[in-house]
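Colleague: Pasting protein_1.txt here (compact mmCIF, C-alpha atoms):
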# COMPACT_ATOMS: atom_id res chain seq x y z
CA MET A 874 105.54 108.88 95.44
CA ARG A 875 108.83 109.41 93.65
CA VAL A 876 109.33 112.28 91.20
CA ASN A 877 112.16 112.37 88.67
CA VAL A 878 112.81 115.77 87.18
CA THR A 879 115.72 117.46 85.45
CA VAL A 880 116.53 120.66 87.32
CA ASN A 881 119.05 123.15 85.98
CA GLY A 882 120.38 120.46 83.67
CA ARG A 883 120.82 117.80 86.36
CA PRO A 884 118.58 114.75 86.74
CA MET A 885 117.16 114.78 90.27
CA THR A 886 114.90 112.50 92.27
CA ALA A 887 112.59 113.38 95.12
CA ASP A 888 111.14 110.64 97.30
CA ASP A 889 108.15 110.53 99.66
CA VAL A 890 106.44 113.30 97.70
CA TRP A 891 102.82 113.80 98.76
CA GLU A 892 100.47 113.47 95.78
CA GLY A 893 98.99 116.95 96.32
CA GLU A 894 102.37 118.60 96.71
CA SER A 895 103.50 121.41 94.43
CA LEU A 896 106.64 121.56 92.33
CA LEU A 897 107.59 124.58 94.43
CA TYR A 898 107.60 122.52 97.63
CA VAL A 899 109.68 119.81 95.97
CA LEU A 900 112.25 122.34 94.75
CA ARG A 901 112.55 124.18 98.05
CA GLU A 902 112.10 121.48 100.66
CA ARG A 903 113.27 118.31 98.96
CA LEU A 904 115.86 119.35 96.38
CA GLY A 905 117.56 122.16 98.32
CA LEU A 906 116.77 124.93 95.84
CA PRO A 907 115.23 127.80 97.84
CA GLY A 908 115.61 130.42 95.08
CA ALA A 909 111.96 130.25 94.00
CA LYS A 910 110.01 131.82 96.85
CA ASN A 911 106.81 130.62 98.49
CA ALA A 912 104.29 133.33 99.18
CA CYS A 913 100.70 133.39 97.92
CA GLU A 914 100.40 129.73 96.83
CA GLN A 915 97.72 130.76 94.33
CA GLY A 916 99.62 132.13 91.34
CA GLU A 917 99.00 135.76 92.26
CA CYS A 918 102.49 136.93 93.18
CA GLY A 919 104.93 135.32 90.74
CA SER A 920 107.61 134.85 93.42
CA CYS A 921 107.88 131.15 92.59
CA THR A 922 108.37 131.63 88.83
CA VAL A 923 110.51 128.91 87.23
CA TYR A 924 110.86 127.56 83.71
CA LEU A 925 108.98 124.34 83.01
CA ASP A 926 109.97 122.91 79.63
CA GLY A 927 111.07 126.38 78.59
CA ALA A 928 107.98 128.34 79.65
CA PRO A 929 107.87 130.48 82.79
CA VAL A 930 105.21 129.23 85.19
CA CYS A 931 104.22 129.55 88.83
CA ALA A 932 105.83 126.51 90.49
CA CYS A 933 103.18 126.62 93.23
CA LEU A 934 100.51 125.69 90.67
CA VAL A 935 102.36 122.76 89.13
CA ALA A 936 101.56 119.50 90.87
CA ALA A 937 104.82 117.75 91.68
CA GLY A 938 103.79 114.70 89.69
CA GLN A 939 103.24 116.87 86.63
CA ALA A 940 106.96 117.66 86.58
CA GLU A 941 107.85 113.97 86.18
CA GLY A 942 110.33 113.62 83.34
CA ARG A 943 110.30 117.30 82.52
CA GLU A 944 112.90 120.08 82.49
CA VAL A 945 112.87 122.75 85.16
CA VAL A 946 115.17 125.76 85.33
CA THR A 947 115.15 127.81 88.52
CA VAL A 948 116.79 131.13 89.28
CA GLU A 949 119.77 129.15 90.56
CA GLY A 950 120.22 127.80 87.05
CA LEU A 951 120.47 131.20 85.37
CA ALA A 952 123.85 132.21 86.76
CA VAL A 953 126.75 131.08 84.66
CA GLY A 954 127.91 127.79 86.12
CA GLY A 955 124.47 127.20 87.56
CA GLY A 956 125.31 127.95 91.18
CA PRO A 957 126.21 130.60 93.71
CA SER A 958 129.56 131.13 92.06
CA GLY A 959 130.17 134.74 92.95
CA GLU A 960 129.16 137.88 91.16
CA THR A 961 131.18 137.22 88.05
CA GLY A 962 128.87 134.30 87.38
CA LEU A 963 125.70 136.34 87.44
CA HIS A 964 123.49 136.30 84.37
CA GLU A 965 123.17 139.68 82.66
CA VAL A 966 119.62 140.05 84.00
CA GLN A 967 120.81 139.39 87.55
CA ARG A 968 123.74 141.78 87.07
CA ALA A 969 121.36 144.48 85.85
CA PHE A 970 119.08 144.05 88.89
CA VAL A 971 122.11 144.61 91.14
CA ASP A 972 123.42 147.58 89.15
CA ALA A 973 120.03 149.28 88.85
CA GLY A 974 119.26 148.87 92.56
CA ALA A 975 116.19 146.85 91.66
CA VAL A 976 116.41 144.85 94.87
CA GLN A 977 114.90 146.00 98.14
CA CYS A 978 113.87 143.19 100.49
CA GLY A 979 114.73 140.76 97.70
CA PHE A 980 111.82 138.40 98.16
CA CYS A 981 110.22 138.98 94.76
CA THR A 982 113.58 139.23 92.97
CA PRO A 983 114.07 135.59 91.91
CA GLY A 984 110.65 135.46 90.29
CA LEU A 985 111.17 138.77 88.56
CA VAL A 986 114.62 137.73 87.35
CA VAL A 987 113.24 134.55 85.78
CA GLN A 988 110.31 136.38 84.21
CA ALA A 989 112.55 139.20 82.91
CA HIS A 990 114.92 136.54 81.57
CA ALA A 991 112.03 135.00 79.66
CA LEU A 992 110.94 138.38 78.29
CA LEU A 993 114.41 139.19 76.98
CA ALA A 994 114.89 135.71 75.55
CA GLY A 995 111.91 136.33 73.29
CA ALA A 996 112.42 140.03 72.49
CA GLU A 997 114.63 141.98 70.14
CA GLY A 998 116.40 145.08 71.40
CA VAL A 999 114.98 147.00 74.36
CA PRO A 1000 111.30 146.09 74.70
CA PRO A 1001 108.82 148.97 74.93
CA ASP A 1002 107.72 149.78 78.48
CA ALA A 1003 104.26 148.41 77.77
CA ASP A 1004 105.77 145.04 76.93
CA ILE A 1005 107.92 145.03 80.05
CA ARG A 1006 104.96 145.93 82.24
CA GLU A 1007 102.86 143.24 80.59
CA ALA A 1008 105.56 140.61 80.99
CA LEU A 1009 105.97 141.44 84.68
CA ALA A 1010 102.25 141.90 85.40
CA GLY A 1011 102.10 138.66 87.38
CA ASN A 1012 105.04 139.48 89.67
CA LEU A 1013 104.24 141.52 92.76
CA CYS A 1014 106.86 143.58 94.62
CA ARG A 1015 105.62 144.34 98.13
CA CYS A 1016 108.29 147.03 98.50
CA THR A 1017 106.78 148.61 95.36
CA GLY A 1018 110.19 149.05 93.75
CA TYR A 1019 108.76 148.77 90.27
CA GLU A 1020 110.55 151.75 88.70
CA LYS A 1021 113.97 150.32 89.51
CA ILE A 1022 112.83 146.92 88.30
CA LEU A 1023 111.82 148.44 84.97
CA ASP A 1024 115.21 150.19 84.89
CA ALA A 1025 116.92 146.84 85.43
CA VAL A 1026 115.09 145.19 82.56
CA ARG A 1027 115.91 148.08 80.22
CA LEU A 1028 119.53 147.97 81.38
CA ALA A 1029 119.85 144.24 80.80
CA ALA A 1030 118.28 144.59 77.36
CA SER A 1031 120.47 147.53 76.35
CA ARG A 1032 123.65 145.76 77.43
CA ARG A 1033 122.68 142.75 75.38
CA HIS A 1034 121.87 144.87 72.35
CA PRO A 1035 124.15 147.93 72.55
CA HIS A 1036 123.06 149.08 69.10
CA PRO A 1037 119.37 148.21 68.69
CA PRO A 1038 118.06 148.42 65.16
CA PRO A 1039 116.28 151.73 64.40
CA MET B 1041 95.28 111.19 97.63
CA ASP B 1042 96.27 109.32 94.49
CA PHE B 1043 98.13 110.80 91.56
CA LEU B 1044 96.97 109.19 88.32
CA ARG B 1045 99.07 109.71 85.25
CA PRO B 1046 97.49 108.12 82.17
CA PRO B 1047 99.96 108.01 79.27
CA THR B 1048 97.25 107.94 76.59
CA TRP B 1049 93.74 109.33 76.09
CA PRO B 1050 92.08 105.86 76.20
CA ASP B 1051 93.92 105.26 79.49
CA ALA B 1052 92.58 108.57 80.81
CA LEU B 1053 89.01 107.63 79.88
CA ALA B 1054 89.40 104.19 81.48
CA LEU B 1055 90.74 105.75 84.68
CA LYS B 1056 87.93 108.32 84.81
CA ALA B 1057 85.38 105.51 84.40
CA GLU B 1058 87.04 103.54 87.18
CA ARG B 1059 87.58 106.58 89.43
CA PRO B 1060 84.80 109.08 88.63
CA GLU B 1061 85.67 111.06 91.77
CA ALA B 1062 89.15 111.85 90.40
CA THR B 1063 89.74 115.54 89.65
CA PRO B 1064 91.25 116.16 86.21
CA ILE B 1065 94.23 118.52 86.30
CA GLN B 1066 95.65 120.36 83.31
CA GLY B 1067 97.41 123.68 84.06
CA GLY B 1068 96.59 123.47 87.76
CA THR B 1069 95.71 127.15 88.00
CA ASP B 1070 92.42 126.33 89.75
CA VAL B 1071 92.97 122.83 91.12
CA MET B 1072 96.29 123.55 92.83
CA VAL B 1073 94.93 126.71 94.46
CA GLU B 1074 92.22 124.61 96.10
CA ILE B 1075 94.80 122.10 97.38
CA ASN B 1076 97.41 124.67 98.44
CA LEU B 1077 94.89 126.71 100.40
CA ASP B 1078 93.25 123.56 101.80
CA LYS B 1079 89.86 124.47 100.35
CA GLY B 1080 89.40 121.01 98.93
CA ARG B 1081 91.20 117.70 98.95
CA PRO B 1082 90.45 115.60 95.85
CA ALA B 1083 90.48 111.84 96.32
CA ALA B 1084 92.72 111.64 93.29
CA LEU B 1085 94.32 113.91 90.71
CA LEU B 1086 94.06 112.78 87.11
CA ASP B 1087 96.96 114.45 85.31
CA LEU B 1088 96.10 115.03 81.65
CA THR B 1089 99.29 116.90 80.72
CA PRO B 1090 101.18 113.82 79.46
CA ILE B 1091 98.65 113.20 76.66
CA PRO B 1092 100.09 114.68 73.47
CA GLU B 1093 96.92 114.94 71.35
CA LEU B 1094 95.24 117.17 73.93
CA ARG B 1095 97.86 119.82 73.21
CA GLU B 1096 96.89 120.03 69.54
CA TRP B 1097 94.33 122.11 67.71
CA SER B 1098 93.05 121.56 64.19
CA ARG B 1099 90.81 123.25 61.68
CA GLU B 1100 87.87 121.07 60.76
CA GLY B 1101 85.48 122.64 58.30
CA GLY B 1102 84.29 125.95 59.66
CA GLU B 1103 85.48 125.35 63.18
CA ILE B 1104 88.62 125.04 65.22
CA ARG B 1105 88.85 122.00 67.44
CA VAL B 1106 90.88 123.25 70.39
CA GLY B 1107 92.37 120.34 72.34
CA ALA B 1108 91.83 120.39 76.08
CA GLY B 1109 95.55 120.97 76.71
CA VAL B 1110 96.04 124.03 74.48
CA THR B 1111 97.19 126.84 76.77
CA TYR B 1112 95.90 130.41 76.68
CA SER B 1113 99.37 131.56 75.54
CA ARG B 1114 99.22 129.34 72.48
CA LEU B 1115 95.63 130.26 71.75
CA ILE B 1116 96.62 133.95 71.73
CA ALA B 1117 99.70 133.34 69.57
CA GLU B 1118 98.22 130.84 67.12
CA LEU B 1119 94.46 131.42 66.94
CA GLY B 1120 94.01 135.18 67.29
CA THR B 1121 92.84 135.57 63.69
CA ASP B 1122 90.42 132.65 63.57
CA LEU B 1123 89.04 133.04 67.10
CA PRO B 1124 89.45 136.73 67.94
CA GLY B 1125 86.88 136.84 70.74
CA LEU B 1126 88.32 133.87 72.56
CA ALA B 1127 91.87 135.14 72.00
CA GLN B 1128 90.98 138.55 73.42
CA ALA B 1129 89.44 136.94 76.49
CA SER B 1130 92.46 134.65 76.85
CA ARG B 1131 94.69 137.70 76.82
CA THR B 1132 92.94 139.01 79.96
CA VAL B 1133 93.50 135.82 81.96
CA GLY B 1134 95.84 136.21 84.95
CA SER B 1135 99.44 136.84 83.95
CA PRO B 1136 101.91 135.40 81.44
CA GLN B 1137 102.79 132.62 83.90
CA ILE B 1138 99.11 131.71 84.32
CA ARG B 1139 98.43 131.87 80.57
CA ASN B 1140 101.39 129.53 79.99
CA ARG B 1141 99.53 126.87 82.00
CA GLY B 1142 95.81 127.57 81.97
CA THR B 1143 93.46 126.16 79.34
CA VAL B 1144 89.95 126.85 78.05
CA ALA B 1145 89.00 123.27 78.92
CA GLY B 1146 90.14 123.88 82.48
CA ASN B 1147 88.02 127.02 82.58
CA LEU B 1148 85.05 124.90 81.46
CA GLY B 1149 85.80 122.18 84.01
CA ALA B 1150 85.88 124.76 86.81
CA ALA B 1151 82.71 126.38 85.39
CA SER B 1152 83.14 129.50 87.49
CA PRO B 1153 80.62 132.17 86.50
CA ALA B 1154 83.61 134.53 86.31
CA GLY B 1155 85.72 132.42 83.93
CA ASP B 1156 87.02 134.58 81.09
CA SER B 1157 86.55 131.98 78.32
CA HIS B 1158 82.83 131.59 78.80
CA PRO B 1159 81.42 134.80 77.28
CA PRO B 1160 83.19 134.46 73.92
CA LEU B 1161 82.31 130.76 73.73
CA LEU B 1162 78.64 131.68 74.32
CA ALA B 1163 78.72 134.55 71.84
CA CYS B 1164 79.95 132.37 68.98
CA GLY B 1165 78.06 129.19 69.85
CA ALA B 1166 80.92 126.84 70.69
CA VAL B 1167 80.42 123.14 71.41
CA VAL B 1168 82.09 121.16 74.18
CA GLU B 1169 83.36 117.77 73.07
CA ALA B 1170 82.99 115.45 76.05
CA GLU B 1171 84.21 111.88 75.96
CA SER B 1172 83.98 108.79 78.12
CA VAL B 1173 84.45 105.07 77.62
CA ARG B 1174 80.80 105.16 76.51
CA GLY B 1175 81.55 107.45 73.58
CA THR B 1176 81.67 111.09 72.50
CA ARG B 1177 79.00 113.66 73.35
CA LEU B 1178 78.76 117.13 71.84
CA ILE B 1179 77.34 119.64 74.32
CA PRO B 1180 76.24 123.03 72.98
CA ILE B 1181 77.82 125.70 75.17
CA ARG B 1182 74.48 127.16 76.20
CA GLU B 1183 73.59 123.81 77.75
CA PHE B 1184 76.95 123.30 79.40
CA TYR B 1185 76.66 125.52 82.48
CA THR B 1186 74.12 124.14 84.95
CA GLY B 1187 74.83 126.07 88.15
CA VAL B 1188 77.49 127.89 90.13
CA LYS B 1189 80.66 125.94 89.33
CA ARG B 1190 78.52 123.13 87.93
CA HIS B 1191 78.40 121.77 84.41
CA ALA B 1192 76.75 119.16 82.25
CA LEU B 1193 79.60 116.63 82.27
CA ALA B 1194 78.77 113.15 83.54
CA PRO B 1195 81.07 111.83 86.30
CA ASP B 1196 82.90 109.54 83.88
CA GLU B 1197 83.34 112.18 81.17
CA LEU B 1198 86.39 114.27 80.33
CA ILE B 1199 86.63 117.28 78.05
CA ARG B 1200 88.49 116.23 74.93
CA ALA B 1201 88.24 119.54 73.06
CA VAL B 1202 86.20 122.67 72.49
CA ARG B 1203 84.87 123.21 68.98
CA VAL B 1204 84.76 126.91 68.22
CA PRO B 1205 83.34 128.31 64.97
CA VAL B 1206 85.86 130.31 62.97
CA ALA B 1207 84.88 133.97 63.17
CA THR B 1208 83.00 135.23 60.13
CA GLY B 1209 82.83 138.79 61.45
CA PRO B 1210 84.10 141.05 64.21
CA GLN B 1211 84.21 139.81 67.80
CA TYR B 1212 84.99 141.70 71.00
CA PHE B 1213 85.52 140.87 74.66
CA SER B 1214 85.27 143.40 77.45
CA LYS B 1215 86.03 142.92 81.14
CA ILE B 1216 85.83 145.06 84.27
CA GLY B 1217 88.51 144.71 86.93
CA THR B 1218 90.66 146.74 89.26
CA ARG B 1219 93.80 146.40 87.16
CA ASN B 1220 94.89 145.18 83.75
CA ALA B 1221 96.20 141.82 85.01
CA MET B 1222 95.54 139.20 87.67
CA VAL B 1223 91.88 140.13 87.82
CA ILE B 1224 88.86 137.95 88.40
CA ALA B 1225 86.18 139.70 86.36
CA VAL B 1226 83.78 142.00 88.21
CA CYS B 1227 81.72 141.36 85.11
CA SER B 1228 82.50 140.70 81.46
CA PHE B 1229 80.84 140.70 78.08
CA ALA B 1230 81.50 139.26 74.64
CA VAL B 1231 79.89 140.02 71.31
CA ALA B 1232 80.21 138.17 67.99
CA VAL B 1233 78.82 139.59 64.76
CA ASP B 1234 78.02 137.03 62.07
CA PRO B 1235 77.27 138.91 58.82
CA GLY B 1236 76.51 135.70 56.91
CA GLU B 1237 73.70 134.73 59.26
CA ARG B 1238 72.92 138.37 60.10
CA ARG B 1239 73.14 137.45 63.76
CA VAL B 1240 74.66 139.05 66.82
CA GLY B 1241 75.81 136.66 69.56
CA THR B 1242 76.40 137.63 73.18
CA GLY B 1243 77.96 136.23 76.33
CA ILE B 1244 77.77 137.57 79.88
CA GLY B 1245 80.30 136.68 82.57
CA SER B 1246 80.32 137.11 86.33
CA ALA B 1247 76.81 138.57 86.49
CA ALA B 1248 74.59 135.51 87.07
CA PRO B 1249 74.90 132.07 88.71
CA THR B 1250 76.28 130.80 85.41
CA PRO B 1251 77.72 132.38 82.31
CA ARG B 1252 74.78 133.07 80.00
CA HIS B 1253 73.83 134.77 76.79
CA ALA B 1254 71.28 137.54 76.28
CA PRO B 1255 68.70 136.22 73.78
CA GLN B 1256 66.46 139.32 73.70
CA ALA B 1257 69.44 141.57 73.06
CA GLU B 1258 70.64 139.24 70.29
CA ASP B 1259 67.26 139.19 68.56
CA PHE B 1260 66.86 142.94 68.91
CA ALA B 1261 70.27 143.85 67.47
CA SER B 1262 70.13 141.23 64.73
CA GLY B 1263 66.83 142.71 63.57
CA ARG B 1264 67.80 146.36 63.78
CA LEU B 1265 71.31 146.49 62.31
CA ASP B 1266 71.70 147.83 58.77
CA TRP B 1267 73.17 144.65 57.26
CA ASP B 1268 72.50 145.72 53.65
CA GLY B 1269 73.38 149.40 53.71
CA HIS B 1270 76.27 149.14 56.18
CA GLY B 1271 74.94 152.26 57.83
CA PRO B 1272 76.28 153.48 61.16
CA LEU B 1273 75.00 152.02 64.41
CA ASP B 1274 72.00 153.99 65.62
CA PRO B 1275 72.87 155.27 69.14
CA GLY B 1276 69.37 154.38 70.30
CA VAL B 1277 69.78 150.81 69.07
CA ALA B 1278 73.16 150.55 70.79
CA ARG B 1279 71.71 151.86 74.04
CA ARG B 1280 68.72 149.54 73.91
CA PHE B 1281 71.03 146.61 73.15
CA GLY B 1282 73.00 147.45 76.29
CA GLU B 1283 69.82 147.65 78.36
CA LEU B 1284 68.63 144.28 77.08
CA VAL B 1285 72.00 142.68 77.84
CA ALA B 1286 71.89 144.06 81.37
CA ALA B 1287 68.31 142.84 81.75
CA SER B 1288 69.44 139.29 80.96
CA ALA B 1289 71.88 139.28 83.87
CA ALA B 1290 71.11 138.30 87.45
CA PRO B 1291 74.04 139.70 89.41
CA ILE B 1292 74.64 139.67 93.16
CA ASP B 1293 76.54 141.90 95.57
CA ASP B 1294 79.87 140.32 96.48
CA VAL B 1295 83.46 141.23 97.34
CA ARG B 1296 84.26 142.24 93.77
CA GLY B 1297 81.31 144.53 93.14
CA ARG B 1298 77.70 145.40 93.74
CA ALA B 1299 74.85 144.02 91.68
CA ALA B 1300 73.78 147.52 90.64
CA TYR B 1301 77.28 148.32 89.43
CA ARG B 1302 77.45 145.10 87.44
CA THR B 1303 74.13 145.84 85.78
CA HIS B 1304 75.25 149.34 84.85
CA ALA B 1305 78.67 148.18 83.65
CA LEU B 1306 77.20 145.42 81.50
CA ALA B 1307 74.96 147.90 79.69
CA VAL B 1308 77.96 150.15 79.00
CA MET B 1309 80.24 147.31 77.89
CA ALA B 1310 77.58 145.82 75.62
CA ARG B 1311 76.80 149.16 73.99
CA ARG B 1312 80.49 149.88 73.38
CA ALA B 1313 81.39 146.36 72.22
CA LEU B 1314 78.59 146.34 69.66
CA GLY B 1315 79.81 149.73 68.44
CA TRP B 1316 83.39 148.50 68.01
CA ALA B 1317 82.24 145.37 66.21
CA TRP B 1318 79.84 147.24 63.94
CA ASP B 1319 82.49 149.82 63.04
CA ASP B 1320 84.84 146.98 62.09
CA PHE B 1321 82.12 145.38 59.99
CA ARG B 1322 81.43 148.64 58.16
CA GLY B 1323 85.17 149.24 57.67
CA SER B 1324 85.63 145.80 56.13
CA ALA B 1325 82.61 146.09 53.83
What is this structure when it is put down as structure tokens?

Modeller:
Amino acid sequence: MRVNVTVNGRPMTADDVWEGESLLYVLRERLGLPGAKNACEQGECGSCTVYLDGAPVCACLVAAGQAEGREVVTVEGLAVGGGPSGETGLHEVQRAFVDAGAVQCGFCTPGLVVQAHALLAGAEGVPPDADIREALAGNLCRCTGYEKILDAVRLAASRRHPHPPP
Amino acid sequence: MDFLRPPTWPDALALKAERPEATPIQGGTDVMVEINLDKGRPAALLDLTPIPELREWSREGGEIRVGAGVTYSRLIAELGTDLPGLAQASRTVGSPQIRNRGTVAGNLGAASPAGDSHPPLLACGAVVEAESVRGTRLIPIREFYTGVKRHALAPDELIRAVRVPVATGPQYFSKIGTRNAMVIAVCSFAVAVDPGERRVGTGIGSAAPTPRHAPQAEDFASGRLDWDGHGPLDPGVARRFGELVAASAAPIDDVRGRAAYRTHALAVMARRALGWAWDDFRGSA
């Protein structure tokens, strides 16, 4: 079947999509967007997190046909300019992951960046640690680099709000 | 496999009548796992996400009619005051990404004994609104679960909504798992105190072939609580309540826990949950 979906602001079409296929497979294998990672295929790891109509979801659990006519934003769409445009184009969350050393093997990073992006989009100031942990509870890091990841989220939040309200 | 995408609810009912073997899909958090891991291959997927009215909830009399497409995230954000037990249970589902997709109706359709929605629905006496081209059928929640991952829906029926009574007193949900996220319940328990009816409702999860309530425990607590004097919960009553809840379960040993542990944990959770609820009731009186 054919699936029409707006990805990172651009209307895209995927053909010959199998009816049981996931949005993740369509993004990675048919639309050339390998940022969202394929790992557990059961919503456990969060590595495939993308925005679907503004809400972060596991792309592996969205049937491709369910994305018909909807808006998807992947990690590739967060950088300014929406592409691999060099470090100056990184979103503040991505920049903070680099600066805080929150990347080890890097596999979980795209999912964590999208989920952290969603947390900060809906939070004022620097969120309490409990909120950060809760927001990232569905993203597994096999390298167990969680402390640096928490640092990165705090860093991104503090740069965005240099003077948080008391 | 076919992918069916009805634009309206009547279209969905017509398709389900025509293709009763089609698997309804809402958030996909169960259905897609089955497909991705090749555990099952539905003949057809019936995508219900395009239907706008399923994403709505409304207050009708003393109950909230929760449309089949209302996600856990929205239930937590919008219905925490009216449906505290269900909102608490929703909060323990998976992760933010899962709660942004998963629905109570999907939990009912999967009918796993471990589903987090079931205990609070049992405790407060919810009703499943099933619909087909033949008409609407209201199924009391205690009659909904018929076996392991089996339910009372006819092959041509779809879940339109769940009707959940607005809480008239304190409600609590408690769940055992290895961490505070992404956990399938080892066992779970919900309690709902209804001061108007002087009744205590219960729901047990992941400790029997189906979710179930604990009628003896409900009768015992309802008869022994100090509804008039608002006195403290007698520790002996709380303990006996826990024992009766545990006695209503029929757990098995499996990968998540042993039957003996589940029985013990249920008694503890029930005793504590009744204590929290009763303290709230006394505090509000």

Colleague: For segment 1175-1189 of chain B, work out the shell of residues within 6 Å, counting only C-alpha atoms and skipping chain neighbours fewer than 4 positions away, then give it as a PDB file with C-alpha atoms, in the coordinates of the input.

Modeller:
ATOM      1  CA  ALA B1150      85.880 124.760  86.810  1.00  0.00           C
ATOM      2  CA  ALA B1151      82.710 126.380  85.390  1.00  0.00           C
ATOM      3  CA  SER B1152      83.140 129.500  87.490  1.00  0.00           C
ATOM      4  CA  ALA B1166      80.920 126.840  70.690  1.00  0.00           C
ATOM      5  CA  VAL B1167      80.420 123.140  71.410  1.00  0.00           C
ATOM      6  CA  VAL B1168      82.090 121.160  74.180  1.00  0.00           C
ATOM      7  CA  GLU B1169      83.360 117.770  73.070  1.00  0.00           C
ATOM      8  CA  ALA B1170      82.990 115.450  76.050  1.00  0.00           C
ATOM      9  CA  GLU B1171      84.210 111.880  75.960  1.00  0.00           C
ATOM     10  CA  PRO B1249      74.900 132.070  88.710  1.00  0.00           C
ATOM     11  CA  THR B1250      76.280 130.800  85.410  1.00  0.00           C
TER      12      THR B1250
END

Colleague: Taking only C-alpha atoms into account and nothing else, which residues of chain A lie no more than 9 Å away from chain B? Please answer as an mmCIF file with C-alpha atoms, keeping the file's coordinate frame.

Modeller:
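Generated output (part13.cif):
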data_model
loop_
_atom_site.group_PDB
_atom_site.id
_atom_site.type_symbol
_atom_site.label_atom_id
_atom_site.label_comp_id
_atom_site.auth_asym_id
_atom_site.auth_seq_id
_atom_site.Cartn_x
_atom_site.Cartn_y
_atom_site.Cartn_z
ATOM 1 C CA MET A 874 105.540 108.880 95.440
ATOM 2 C CA TRP A 891 102.820 113.800 98.760
ATOM 3 C CA GLU A 892 100.470 113.470 95.780
ATOM 4 C CA GLY A 893 98.990 116.950 96.320
ATOM 5 C CA GLU A 894 102.370 118.600 96.710
ATOM 6 C CA SER A 895 103.500 121.410 94.430
ATOM 7 C CA GLU A 914 100.400 129.730 96.830
ATOM 8 C CA GLN A 915 97.720 130.760 94.330
ATOM 9 C CA GLY A 916 99.620 132.130 91.340
ATOM 10 C CA GLU A 917 99.000 135.760 92.260
ATOM 11 C CA GLY A 919 104.930 135.320 90.740
ATOM 12 C CA THR A 922 108.370 131.630 88.830
ATOM 13 C CA ALA A 928 107.980 128.340 79.650
ATOM 14 C CA PRO A 929 107.870 130.480 82.790
ATOM 15 C CA VAL A 930 105.210 129.230 85.190
ATOM 16 C CA CYS A 931 104.220 129.550 88.830
ATOM 17 C CA CYS A 933 103.180 126.620 93.230
ATOM 18 C CA LEU A 934 100.510 125.690 90.670
ATOM 19 C CA VAL A 935 102.360 122.760 89.130
ATOM 20 C CA ALA A 936 101.560 119.500 90.870
ATOM 21 C CA GLY A 938 103.790 114.700 89.690
ATOM 22 C CA GLN A 939 103.240 116.870 86.630
ATOM 23 C CA GLN A 988 110.310 136.380 84.210
ATOM 24 C CA GLU A 1007 102.860 143.240 80.590
ATOM 25 C CA ALA A 1008 105.560 140.610 80.990
ATOM 26 C CA LEU A 1009 105.970 141.440 84.680
ATOM 27 C CA ALA A 1010 102.250 141.900 85.400
ATOM 28 C CA GLY A 1011 102.100 138.660 87.380
ATOM 29 C CA ASN A 1012 105.040 139.480 89.670
#

Colleague: Around (115.1, 124.3, 85.6), as given in the file, which residues come within 9 Å? Count all atoms listed in the file and list them as a PyMOL selection string.

Modeller: chain A and resi 878-883+923-927+944-951

Colleague: Emit the selected residues as an mmCIF file, in the frame of the given file, including C-alpha atoms.

Modeller:
data_model
loop_
_atom_site.group_PDB
_atom_site.id
_atom_site.type_symbol
_atom_site.label_atom_id
_atom_site.label_comp_id
_atom_site.auth_asym_id
_atom_site.auth_seq_id
_atom_site.Cartn_x
_atom_site.Cartn_y
_atom_site.Cartn_z
ATOM 1 C CA VAL A 878 112.810 115.770 87.180
ATOM 2 C CA THR A 879 115.720 117.460 85.450
ATOM 3 C CA VAL A 880 116.530 120.660 87.320
ATOM 4 C CA ASN A 881 119.050 123.150 85.980
ATOM 5 C CA GLY A 882 120.380 120.460 83.670
ATOM 6 C CA ARG A 883 120.820 117.800 86.360
ATOM 7 C CA VAL A 923 110.510 128.910 87.230
ATOM 8 C CA TYR A 924 110.860 127.560 83.710
ATOM 9 C CA LEU A 925 108.980 124.340 83.010
ATOM 10 C CA ASP A 926 109.970 122.910 79.630
ATOM 11 C CA GLY A 927 111.070 126.380 78.590
ATOM 12 C CA GLU A 944 112.900 120.080 82.490
ATOM 13 C CA VAL A 945 112.870 122.750 85.160
ATOM 14 C CA VAL A 946 115.170 125.760 85.330
ATOM 15 C CA THR A 947 115.150 127.810 88.520
ATOM 16 C CA VAL A 948 116.790 131.130 89.280
ATOM 17 C CA GLU A 949 119.770 129.150 90.560
ATOM 18 C CA GLY A 950 120.220 127.800 87.050
ATOM 19 C CA LEU A 951 120.470 131.200 85.370
#

Colleague: For Gly1269 of chain B, which of B:Ala1192, B:Ala1325, B:Ala1163, B:Ala1201 is the closest residue, counting all atoms listed in the file?

Modeller: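 Result for the nearest residue to Gly1269 of chain B: B:Ala1325.
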
Colleague: For the atom pair atom CA of Ser1031 of chain A and atom CA of Glu997 of chain A, what is the interatomic distance in Å to one decimal place?

Modeller: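 We find that atom CA of Ser1031 of chain A and atom CA of Glu997 of chain A lie 10.2 Å from each other.
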
Colleague: Quick one: everything within 8 Å of segment 1226-1238 of chain B, counting all atoms listed in the file, minus sequence neighbours fewer than 4 positions away in the same chain. Send it as a ChimeraX atom specification.

Modeller: /B:1125,1154,1156,1159-1160,1163-1164,1207-1217,1242-1247,1262,1267,1296-1297,1302,1305-1306,1309-1310,1313-1314,1317-1318

Colleague: Would you work out the distance separating atom CA of Ala1127 of chain B from atom CA of Arg1095 of chain B, expressed in Å to one decimal?

Modeller: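 Computing the Euclidean distance for atom CA of Ala1127 of chain B and atom CA of Arg1095 of chain B yields 16.5 Å.
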
Colleague: Using only C-alpha atoms, which residues sit within 10 Å of Pro1092 of chain B once same-chain residues fewer than 6 positions away are excluded, as a list in words?

Modeller: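 Counting only C-alpha atoms, the residues come to Pro1047, Thr1048, Trp1049, Gly1107 and Gly1109 of chain B.
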